[in-house]
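Below is one structure, written out as structure tokens; the observations come after it.
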Amino acid sequence: MRLTLSSGRTIPQGSFVEHKLSKGYQRATSIVYINHLDLMELGIESGDRVQVTSDSGSVVLITEATHDIPTGCAYIALGPYANAIIGGYTHGTGMPDYKDIIVEIEPTDDPVPTVWDLMEIIGGLRYGH
Amino acid sequence: MAEILLKNAYVIDPISGINGEVMDIAISGGKIVEEVSSKPEVIDCQGCLTLPGGIDSHTHISGTKVNFGRYMSPEDMRAGRTAKKGPMHITSGYSVPTTYGNSYRYSALGYTTLVEGAVAPLEARHTHEEFKFTPLQDSCANILFDGNWGMLRALEEGDIKRAAAIIAWTLNAVKGFAIKLTNPGGTEAWGFGKNVSCINEKIPTFDLTPAEIIKGAIRANELLHLPHSVHLHCNNLGTPGNFTCTIGTFGHVPDLNDKRQTLYATHVQFHSYGGTGWSDFCSKSEPVANMVNFRPQIVIDMGQVMFGRTTTMTADGPMEFNLYRLHHDKWSNHDVELETGSGIIPVNYRKKNLVNSIMWAIGLELALLVKNPWQCLLTTDNPNGAPFIKYPEIIALLMSKRYRDAEFAMIHQDTEKRVPLPAIDRELDWHDIAVMTRAGQARALGITDLGKGYLMPGAEADIAIYPIKTDEIDPSAEYEKIIQGFARTEYTIKRGRVVSRRGDAIIDGENTTFWVKPKVPAAYDIQHDPTFMELFERNYSVRMSNYPVQEEYLHRNHCIETETDL
Amino acid sequence: MDIKDVPCPFCGCLCDDVKIQIEDNRITGVENCCTLGNAKFLSKSRLQHPIMRKDGKWVEVSYEEAIDETARILSDAVRPLLYGWSGTVGEAQVVGVHLAEEIGALIDSTTSVCHNPSILAIQEVGHPGCTLGQVKNRADLVIYWGCNPIEAHPRHMSRYTTYADGYFIDNTATDRKVIVVDIRRSDGAKVADEFIQVKPGGDYLVLSALRAMVRGKSDVVPDSVAGVKKVQLQRVADLMMKAKFGAVFFGLGVTMSRGKYKNVRNAIELVSELNRKTKFTISAMRGHFNVYGFNEVLTWMAGYPFAVDFSRGIAFYNPGETSVIDLLEKKEPDACLVVASDPGAHFPKSTIEHIAAIPTVQIDPCVNATTALCQVQIPVAITGIESAGTAYRMDGVPIRMKKVLETDFPTDQEILERIVTRIREMRADG
């Protein structure tokens, strides 16, 4: 299913902003909010996982049903999960497209990566634990 | 202790009564002294014109609105960028240079003290932060009270002493130097998009007229014995026919102080307009200058306009909006809660524009028609009339009728029907210029007691040595030499150190901020006044305890304590 | 011990009325603060020592070694990038700007990925704004456009707008109208008097329609604009024109969506237009507590609010070229210093890939996503809790942040000054 995804601030994301490696932050930033009707069409329930793919990348997220977003749209807290599918092109403005991203969404059983996983995929090295 | 001996200096020092004597000046420990003891560094001035360091008594160089002028104008930043050189940092900006840009360029002109003309108390911390990065000049902050609710309420109640107490608390809290009124009443009215059109019109939200605010502030100022007088930007700036308002305002000013003026009216060029609209716009410099000539209790500065691009910025929010509607360029506005307003727009003064041509003439006329140079000081209201780097050209215009005529031939041809300038033959002399660029400022600001504005023992060693031999120049004919000579000092000396040499800053420097602390009796200590505290805590968006500018921001400073009549 | 009137080092609201309880140099209670600020004041986890990657493993090192390595990395760099700055105070930012000037670096802040488009728009058409207290005392109409104060600036509504007492507002519940414009029905939208739900990417169209209506040209507006009915737009335009003082606050919904700075420009021009009828102001909802401070500092020192490239020996500014995302996307930097921000968590994947590929140093009190991308991390005191200094509120009001706890950790400013000193020593040694 093709949706228009926007990222932005949420309270849980902000509350864990000093604890980016915590489970709470991971949870807060890996939820994709989708309208009930779109979830029905995907044939999954709120809480099921989806593979979200844009021109710039792909990531596994957890769905959460909402009425606050119209059909055809999706919302995610800003953070490393959103960034996995955001491109670096800025149209000459310096600002990438953090909003209005066209994504393909399909159900998946794959696990949601951790923040450290995401950082290591791009060449980083986790610290501690 | 560093010592310098200036030899063969051709000195004009109006405050000390010296008008063109070749002499030596001894400097030790930042001061001018009778004689130096050990082996000083000797600078042979070779008869060059040597003046006290320049003082700009009204300029916009630091703080919220100045920085916003930079922020919104990358085109202006690109128009004046310089590379790192010796101890000089990178600079940007033409009409609103970065702090280092202001400091280096003022220093090249021989300026050693600057008064930031308009600071909202709520944002004064910002001004002090920028002062720190304007290292080659001492600085003072004029604090805006035109829409100060505490003061207005006290004036409404007719309680001048309470108004004075609130002013005293605020100046002390924000480390300010003087009382500034910008379009008094008008900036408060602008809070709801309105303005005032006359000094006798009630303002919308307080039972007061601008005239009452001005008179009240003047009396409060004198109760506090502040070094400077009330510093006024009159109502109706830039409006055709506003000269009646200006003259009316001057008529309200009593003579209350025998050491200095009772009112300092700034950028009076912008307030000396005749006509009923732009079509019959004309100069009214003559009646305004006459008024000043009759009233020694008034000092004005020119607010000279020079042609070219610049940025206008003022606390006068409604005026900037009117200007925006004329120019249709970008417009910024920034109202400050319970205190004042502000606005910024870029402008381009054009020789081919009749109104701009008349404005250019009016500033010069004021300087030439005010008989006493101590009463009309040289400014451009930097950068409103022009960037301060135009000062040498203005000096040349004032010294040379021939230069004025040559320029006049270039401007809009209808100008001569609207202005008296072509008929004025007066040419100012070196002494007049020394008065209008430093001595007059020192006296008007009330800082001669602090060693500013003169060159006798005891004075701060702030000195400008220009590559000008007055006996070799005919100012009337050789105006180009005047421009060149004042554009770049041979040496600028600040507090006993050479800070600038032939246009380049040669040390990092460190400025001193002057601020006032009126000694207020406990009964008038507003800090613990329940009514004032309630007004503050209910209406401001910051806590009263977080409002005062902390000592950390003062770096190097000099507190001027005053005895008060409260 | 209680400390009153502590400014909160979280968001651009910079609420300065927080009360902190302290026992044994630990914060045990926080009053007046929001969820976000509380979490920061009460946070306990932090990095205890400088760390460095050696042979593919993290090891603890001394401050001296970490600073030495940082100085070496920056000295060796041809195209160094100094990024972040919004989470620290002006006094540290000043050192950063001087450092950038000295080594010919490119310096940019988190502004680049938040309100950069607002600045570009302001540079085109200006900014009719005011301080927040002016809104609190006077505004009878408040419009939140593409922002969500309840989640991003939780006390904005209670301190400055919807629920705040105002001098000229008799009854804030009835005399102050609130309009929310957003693509989703956020919590803020739920408490608004009027909610305009715009289709994603439709802000520019809706703003244009409102401008037409304010200019008296309603007839050119179609029945529906980006999913919004014309009747609703007309109702809103009338509310705007009837207001005595209207205040627009806008957020990343305007700056980041399609159109970017042109959206903001359109919003500013709507407000300028409204000033011909009544009083209107517009303000950006700035994120980090001192993101605006960096813009101020860089402007007075170099002339531009962000994205300044010192590599040409002058201050060169050209967003789209000298902005951090574009620079990383082109893989230009060969070293990076990150101060008081977390690009690892907030930059597009392709750009942080490059941060991971070059020697990167982070100065930050906490382990964060960027930690994984660094070669060195230097922990510091927490600004606004363990160290003092100047921050600029979203409306430009400067506030002094307080130090309420003692600490042995050095401040950002101290670490930066030591790095500068070390670089100079290395250069002197040739």
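We name chains A, B, ... following the order of the structure tokens; residues begin at 1 in each chain, and ligands are numbered from 1 as shown.
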Should the cut-off be 8 Å, what would the residue list for chain B against chain C look like, counting only C-alpha atoms, as a PDB file with N, CA and C atoms, in the first residue's frame?
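Final output, result_18.pdb:
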ATOM      1  N   THR B  64      19.452  43.312  19.967  1.00  0.00           N
ATOM      2  CA  THR B  64      18.432  42.529  19.286  1.00  0.00           C
ATOM      3  C   THR B  64      18.126  43.036  17.884  1.00  0.00           C
ATOM      4  N   ASN B  67      21.174  43.044  15.435  1.00  0.00           N
ATOM      5  CA  ASN B  67      21.525  41.695  14.991  1.00  0.00           C
ATOM      6  C   ASN B  67      20.467  41.145  14.055  1.00  0.00           C
ATOM      7  N   ARG B  70      21.202  42.242  10.648  1.00  0.00           N
ATOM      8  CA  ARG B  70      22.185  41.367   9.978  1.00  0.00           C
ATOM      9  C   ARG B  70      21.515  40.078   9.536  1.00  0.00           C
ATOM     10  N   TYR B  71      20.803  39.476  10.462  1.00  0.00           N
ATOM     11  CA  TYR B  71      20.162  38.163  10.289  1.00  0.00           C
ATOM     12  C   TYR B  71      19.296  38.113   9.034  1.00  0.00           C
ATOM     13  N   MET B  72      18.553  39.192   8.799  1.00  0.00           N
ATOM     14  CA  MET B  72      17.611  39.184   7.674  1.00  0.00           C
ATOM     15  C   MET B  72      18.234  39.696   6.378  1.00  0.00           C
ATOM     16  N   SER B  73      19.527  40.036   6.403  1.00  0.00           N
ATOM     17  CA  SER B  73      20.117  40.721   5.246  1.00  0.00           C
ATOM     18  C   SER B  73      21.421  40.084   4.760  1.00  0.00           C
ATOM     19  N   PRO B  74      21.381  38.857   4.251  1.00  0.00           N
ATOM     20  CA  PRO B  74      22.632  38.289   3.737  1.00  0.00           C
ATOM     21  C   PRO B  74      23.220  39.134   2.608  1.00  0.00           C
ATOM     22  N   MET B  77      25.392  41.542   4.259  1.00  0.00           N
ATOM     23  CA  MET B  77      26.587  40.889   4.813  1.00  0.00           C
ATOM     24  C   MET B  77      27.621  40.655   3.703  1.00  0.00           C
ATOM     25  N   ARG B  81      32.544  42.201   3.240  1.00  0.00           N
ATOM     26  CA  ARG B  81      33.269  41.166   3.990  1.00  0.00           C
ATOM     27  C   ARG B  81      34.770  41.332   3.858  1.00  0.00           C
ATOM     28  N   THR B  82      35.451  41.080   4.968  1.00  0.00           N
ATOM     29  CA  THR B  82      36.909  41.171   4.984  1.00  0.00           C
ATOM     30  C   THR B  82      37.487  39.900   5.602  1.00  0.00           C
ATOM     31  N   ALA B  83      38.694  39.597   5.230  1.00  0.00           N
ATOM     32  CA  ALA B  83      39.360  38.385   5.710  1.00  0.00           C
ATOM     33  C   ALA B  83      40.069  38.652   7.035  1.00  0.00           C
ATOM     34  N   LYS B  84      40.505  37.601   7.646  1.00  0.00           N
ATOM     35  CA  LYS B  84      41.319  37.681   8.842  1.00  0.00           C
ATOM     36  C   LYS B  84      42.633  38.377   8.499  1.00  0.00           C
ATOM     37  N   ILE B  90      37.558  37.869  10.864  1.00  0.00           N
ATOM     38  CA  ILE B  90      36.740  38.014   9.663  1.00  0.00           C
ATOM     39  C   ILE B  90      35.576  38.957   9.975  1.00  0.00           C
ATOM     40  N   THR B  91      35.218  39.812   9.029  1.00  0.00           N
ATOM     41  CA  THR B  91      34.016  40.636   9.228  1.00  0.00           C
ATOM     42  C   THR B  91      33.084  40.486   8.031  1.00  0.00           C
ATOM     43  N   SER B  92      31.829  40.774   8.274  1.00  0.00           N
ATOM     44  CA  SER B  92      30.828  40.807   7.212  1.00  0.00           C
ATOM     45  C   SER B  92      29.982  42.054   7.393  1.00  0.00           C
ATOM     46  N   GLY B  93      29.367  42.506   6.321  1.00  0.00           N
ATOM     47  CA  GLY B  93      28.357  43.555   6.437  1.00  0.00           C
ATOM     48  C   GLY B  93      28.810  44.907   5.938  1.00  0.00           C
ATOM     49  N   PRO B  97      27.429  46.028   9.885  1.00  0.00           N
ATOM     50  CA  PRO B  97      28.546  45.083   9.997  1.00  0.00           C
ATOM     51  C   PRO B  97      28.428  44.229  11.254  1.00  0.00           C
ATOM     52  N   THR B  98      29.135  43.105  11.223  1.00  0.00           N
ATOM     53  CA  THR B  98      29.259  42.287  12.426  1.00  0.00           C
ATOM     54  C   THR B  98      29.936  43.113  13.514  1.00  0.00           C
ATOM     55  N   THR B  99      29.893  42.630  14.738  1.00  0.00           N
ATOM     56  CA  THR B  99      30.431  43.435  15.853  1.00  0.00           C
ATOM     57  C   THR B  99      31.898  43.796  15.613  1.00  0.00           C
ATOM     58  N   TYR B 100      32.673  42.815  15.166  1.00  0.00           N
ATOM     59  CA  TYR B 100      34.087  43.127  14.886  1.00  0.00           C
ATOM     60  C   TYR B 100      34.184  44.151  13.757  1.00  0.00           C
ATOM     61  N   LEU B 122      14.292  44.484  28.460  1.00  0.00           N
ATOM     62  CA  LEU B 122      14.114  43.034  28.505  1.00  0.00           C
ATOM     63  C   LEU B 122      15.201  42.309  27.710  1.00  0.00           C
ATOM     64  N   GLU B 123      15.762  42.992  26.715  1.00  0.00           N
ATOM     65  CA  GLU B 123      16.747  42.356  25.849  1.00  0.00           C
ATOM     66  C   GLU B 123      18.143  42.958  25.990  1.00  0.00           C
ATOM     67  N   ARG B 125      20.514  42.259  27.923  1.00  0.00           N
ATOM     68  CA  ARG B 125      21.572  41.252  28.058  1.00  0.00           C
ATOM     69  C   ARG B 125      22.241  41.006  26.700  1.00  0.00           C
ATOM     70  N   HIS B 126      21.429  40.981  25.671  1.00  0.00           N
ATOM     71  CA  HIS B 126      21.956  40.764  24.324  1.00  0.00           C
ATOM     72  C   HIS B 126      22.910  41.899  23.922  1.00  0.00           C
ATOM     73  N   GLU B 130      27.005  41.707  22.886  1.00  0.00           N
ATOM     74  CA  GLU B 130      27.663  42.214  21.672  1.00  0.00           C
ATOM     75  C   GLU B 130      28.713  43.271  21.992  1.00  0.00           C
ATOM     76  N   PHE B 133      32.063  41.974  22.157  1.00  0.00           N
ATOM     77  CA  PHE B 133      32.729  41.669  20.891  1.00  0.00           C
ATOM     78  C   PHE B 133      32.880  42.920  20.013  1.00  0.00           C
ATOM     79  N   GLY B 191       1.294  48.422  19.884  1.00  0.00           N
ATOM     80  CA  GLY B 191       0.938  47.108  20.403  1.00  0.00           C
ATOM     81  C   GLY B 191      -0.394  46.620  19.861  1.00  0.00           C
ATOM     82  N   PHE B 192      -1.284  47.558  19.531  1.00  0.00           N
ATOM     83  CA  PHE B 192      -2.522  47.187  18.848  1.00  0.00           C
ATOM     84  C   PHE B 192      -2.570  47.790  17.441  1.00  0.00           C
ATOM     85  N   GLY B 193      -1.391  48.024  16.852  1.00  0.00           N
ATOM     86  CA  GLY B 193      -1.347  48.480  15.468  1.00  0.00           C
ATOM     87  C   GLY B 193      -1.681  49.946  15.266  1.00  0.00           C
ATOM     88  N   ASP B 329       9.672  46.702   0.376  1.00  0.00           N
ATOM     89  CA  ASP B 329      10.738  45.714   0.508  1.00  0.00           C
ATOM     90  C   ASP B 329      10.440  44.899   1.761  1.00  0.00           C
ATOM     91  N   LYS B 330      11.412  44.114   2.211  1.00  0.00           N
ATOM     92  CA  LYS B 330      11.116  43.271   3.371  1.00  0.00           C
ATOM     93  C   LYS B 330      10.978  44.115   4.645  1.00  0.00           C
ATOM     94  N   TRP B 331      10.196  43.589   5.555  1.00  0.00           N
ATOM     95  CA  TRP B 331       9.874  44.337   6.777  1.00  0.00           C
ATOM     96  C   TRP B 331       9.925  43.408   7.994  1.00  0.00           C
ATOM     97  N   SER B 332      10.683  43.822   8.991  1.00  0.00           N
ATOM     98  CA  SER B 332      10.648  43.094  10.266  1.00  0.00           C
ATOM     99  C   SER B 332      10.144  44.015  11.363  1.00  0.00           C
ATOM    100  N   ASN B 333       9.474  43.405  12.314  1.00  0.00           N
ATOM    101  CA  ASN B 333       8.913  44.141  13.437  1.00  0.00           C
ATOM    102  C   ASN B 333       9.145  43.293  14.687  1.00  0.00           C
ATOM    103  N   HIS B 334       9.396  43.948  15.799  1.00  0.00           N
ATOM    104  CA  HIS B 334       9.602  43.175  17.028  1.00  0.00           C
ATOM    105  C   HIS B 334       9.135  44.019  18.215  1.00  0.00           C
ATOM    106  N   ASP B 335       7.892  43.775  18.630  1.00  0.00           N
ATOM    107  CA  ASP B 335       7.374  44.474  19.809  1.00  0.00           C
ATOM    108  C   ASP B 335       7.933  43.819  21.063  1.00  0.00           C
ATOM    109  N   VAL B 336       8.228  44.633  22.053  1.00  0.00           N
ATOM    110  CA  VAL B 336       8.734  44.101  23.316  1.00  0.00           C
ATOM    111  C   VAL B 336       7.724  44.398  24.412  1.00  0.00           C
ATOM    112  N   GLU B 337       7.219  43.344  25.009  1.00  0.00           N
ATOM    113  CA  GLU B 337       6.170  43.426  26.024  1.00  0.00           C
ATOM    114  C   GLU B 337       6.463  44.476  27.096  1.00  0.00           C
ATOM    115  N   LEU B 338       5.452  45.279  27.425  1.00  0.00           N
ATOM    116  CA  LEU B 338       5.488  46.282  28.492  1.00  0.00           C
ATOM    117  C   LEU B 338       6.561  47.353  28.316  1.00  0.00           C
ATOM    118  N   ILE B 345      13.717  47.917   8.107  1.00  0.00           N
ATOM    119  CA  ILE B 345      13.604  47.666   6.672  1.00  0.00           C
ATOM    120  C   ILE B 345      14.856  48.183   5.966  1.00  0.00           C
ATOM    121  N   ARG B 538       2.780  39.487  36.893  1.00  0.00           N
ATOM    122  CA  ARG B 538       1.552  39.154  36.155  1.00  0.00           C
ATOM    123  C   ARG B 538       1.708  39.307  34.653  1.00  0.00           C
ATOM    124  N   ASN B 539       2.521  40.268  34.234  1.00  0.00           N
ATOM    125  CA  ASN B 539       2.476  40.646  32.829  1.00  0.00           C
ATOM    126  C   ASN B 539       3.710  40.312  32.002  1.00  0.00           C
ATOM    127  N   TYR B 540       4.855  40.266  32.637  1.00  0.00           N
ATOM    128  CA  TYR B 540       6.052  39.893  31.886  1.00  0.00           C
ATOM    129  C   TYR B 540       6.070  38.383  31.659  1.00  0.00           C
ATOM    130  N   SER B 541       6.781  37.962  30.617  1.00  0.00           N
ATOM    131  CA  SER B 541       6.923  36.532  30.357  1.00  0.00           C
ATOM    132  C   SER B 541       8.201  35.970  30.959  1.00  0.00           C
ATOM    133  N   VAL B 542       8.954  36.786  31.674  1.00  0.00           N
ATOM    134  CA  VAL B 542      10.085  36.269  32.438  1.00  0.00           C
ATOM    135  C   VAL B 542       9.894  36.639  33.904  1.00  0.00           C
ATOM    136  N   ARG B 543      10.551  35.905  34.764  1.00  0.00           N
ATOM    137  CA  ARG B 543      10.475  36.196  36.195  1.00  0.00           C
ATOM    138  C   ARG B 543      11.320  37.423  36.514  1.00  0.00           C
ATOM    139  N   SER B 545      13.228  37.924  38.914  1.00  0.00           N
ATOM    140  CA  SER B 545      14.583  37.601  39.375  1.00  0.00           C
ATOM    141  C   SER B 545      15.521  37.294  38.203  1.00  0.00           C
ATOM    142  N   ASN B 546      14.953  36.924  37.069  1.00  0.00           N
ATOM    143  CA  ASN B 546      15.799  36.615  35.908  1.00  0.00           C
ATOM    144  C   ASN B 546      15.995  37.810  34.971  1.00  0.00           C
ATOM    145  N   TYR B 547      15.397  38.938  35.335  1.00  0.00           N
ATOM    146  CA  TYR B 547      15.409  40.116  34.456  1.00  0.00           C
ATOM    147  C   TYR B 547      16.724  40.899  34.518  1.00  0.00           C
TER     148      TYR B 547
END
Spatial neighbours of C:Tyr83, 7 Å, only C-alpha atoms, chain gap at least 5 places, as number ranges by chain: C: 107-109, 337-339
Saved selection, atoms kept: N, CA and C atoms, as an mmCIF file, in the first residue's frame:
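Full text of again_8.cif as output:
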data_model
loop_
_atom_site.group_PDB
_atom_site.id
_atom_site.type_symbol
_atom_site.label_atom_id
_atom_site.label_comp_id
_atom_site.auth_asym_id
_atom_site.auth_seq_id
_atom_site.Cartn_x
_atom_site.Cartn_y
_atom_site.Cartn_z
ATOM 1 N N ILE C 107 30.775 25.740 9.758
ATOM 2 C CA ILE C 107 30.037 25.604 11.022
ATOM 3 C C ILE C 107 28.543 25.725 10.748
ATOM 4 N N ASP C 108 27.794 24.794 11.313
ATOM 5 C CA ASP C 108 26.349 24.807 11.109
ATOM 6 C C ASP C 108 25.688 24.258 12.373
ATOM 7 N N SER C 109 24.398 24.547 12.513
ATOM 8 C CA SER C 109 23.704 24.103 13.717
ATOM 9 C C SER C 109 22.463 23.318 13.346
ATOM 10 N N LEU C 337 33.238 17.626 14.130
ATOM 11 C CA LEU C 337 33.081 17.806 15.573
ATOM 12 C C LEU C 337 31.605 18.081 15.839
ATOM 13 N N VAL C 338 31.000 17.231 16.674
ATOM 14 C CA VAL C 338 29.588 17.396 17.008
ATOM 15 C C VAL C 338 29.496 17.898 18.443
ATOM 16 N N VAL C 339 28.812 19.004 18.637
ATOM 17 C CA VAL C 339 28.689 19.579 19.976
ATOM 18 C C VAL C 339 27.214 19.772 20.308
#
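Rounded to one decimal, atom CA of B:Ala168 and atom CA of B:Lys519 lie 8.2 Å from each other.
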Sel. of alpha helix (DSSP H) residues, chain A, as a PyMOL selection string: chain A and resi 11-15+23-29+36-42+80-83+115-121
May I have a table of the residues of chain C lying at most 6 Å from chain A, giving each one's closest pair of atoms and their distance in Å to one decimal, counting only C-alpha atoms, ordered by chain and ascending residue number, as a tab-separated table?
residue	atom	partner	partner_atom	distance
C:Leu36	CA	A:Ser15	CA	4.9
C:Ala39	CA	A:Ser15	CA	5.9
C:Val113	CA	A:Met95	CA	5.5
C:Glu151	CA	A:Ile11	CA	4.7
C:Ala152	CA	A:Arg9	CA	5.9
C:Arg184	CA	A:Ile69	CA	4.8
C:Arg185	CA	A:Asp68	CA	4.5
C:Met256	CA	A:Tyr98	CA	6.0
C:Ser257	CA	A:Lys99	CA	5.1
C:Pro319	CA	A:Gly94	CA	5.5
C:Gly320	CA	A:Gly92	CA	4.1
C:Ser323	CA	A:Gly94	CA	5.2
C:Ala345	CA	A:Pro80	CA	4.6
C:His346	CA	A:Gly79	CA	5.4
C:Pro348	CA	A:Asn83	CA	4.5
C:Lys349	CA	A:Ala84	CA	5.2
C:Glu353	CA	A:Ile122	CA	5.1
C:Ala356	CA	A:Gly124	CA	5.7
C:Asn368	CA	A:Lys20	CA	5.3
C:Ala372	CA	A:Leu125	CA	4.6
C:Leu373	CA	A:Gly124	CA	4.5
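Comparing A:Ala77, A:Val60, A:Val52, A:Leu3 by their smallest distance to A:Tyr25, the closest is A:Ala77 (using only C-alpha atoms).
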Counting only C-alpha atoms, what is within 7 Å of C:Ile20, bar same-chain residues fewer than 3 positions away, as an mmCIF file with C-alpha atoms, in the first residue's frame?
data_model
loop_
_atom_site.group_PDB
_atom_site.id
_atom_site.type_symbol
_atom_site.label_atom_id
_atom_site.label_comp_id
_atom_site.auth_asym_id
_atom_site.auth_seq_id
_atom_site.Cartn_x
_atom_site.Cartn_y
_atom_site.Cartn_z
ATOM 1 C CA ASP C 2 14.915 24.804 46.840
ATOM 2 C CA ILE C 3 16.066 26.923 43.929
ATOM 3 C CA LYS C 4 13.417 29.096 42.340
ATOM 4 C CA ILE C 27 17.764 16.933 42.030
ATOM 5 C CA GLY C 29 12.010 17.313 42.800
ATOM 6 C CA VAL C 30 10.916 19.580 39.980
ATOM 7 C CA GLU C 31 7.921 21.918 40.066
#
Those in stretch 182-422 of chain C with strand (DSSP E) from DSSP, as a PyMOL selection string: chain C and resi 182+194-197+224-225+228-229+245-250+279-284+308-309+316-317+335-339+360-363+376-378+389-392+398-401
Residue contacts of A:Thr63 (8 Å, only C-alpha atoms) excluding same-chain residues fewer than 3 positions away, as a count of residues only: 10
Gap from atom CA of C:Ile358 to atom CA of C:Thr370 - Å, one decimal: 12.8 Å
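The neighbours of A:Val103 here are the residues that come within 6 Å of it, using only C-alpha atoms and leaving out any residue fewer than 6 positions away in the same chain; they are Arg2, Leu3, Thr53 and Ser54 of chain A.
Between atom CA of B:Asp429 and atom CA of B:Ala461 lies a distance of 24.4 Å.
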Spatial neighbours of C:Tyr144, max dist 12 Å, only C-alpha atoms, sep filter under 3 positions, as number ranges by chain: C: 141, 147-150, 153, 156-157, 161-162, 177-182, 186-189, 191-196, 246-254, 267, 282-285
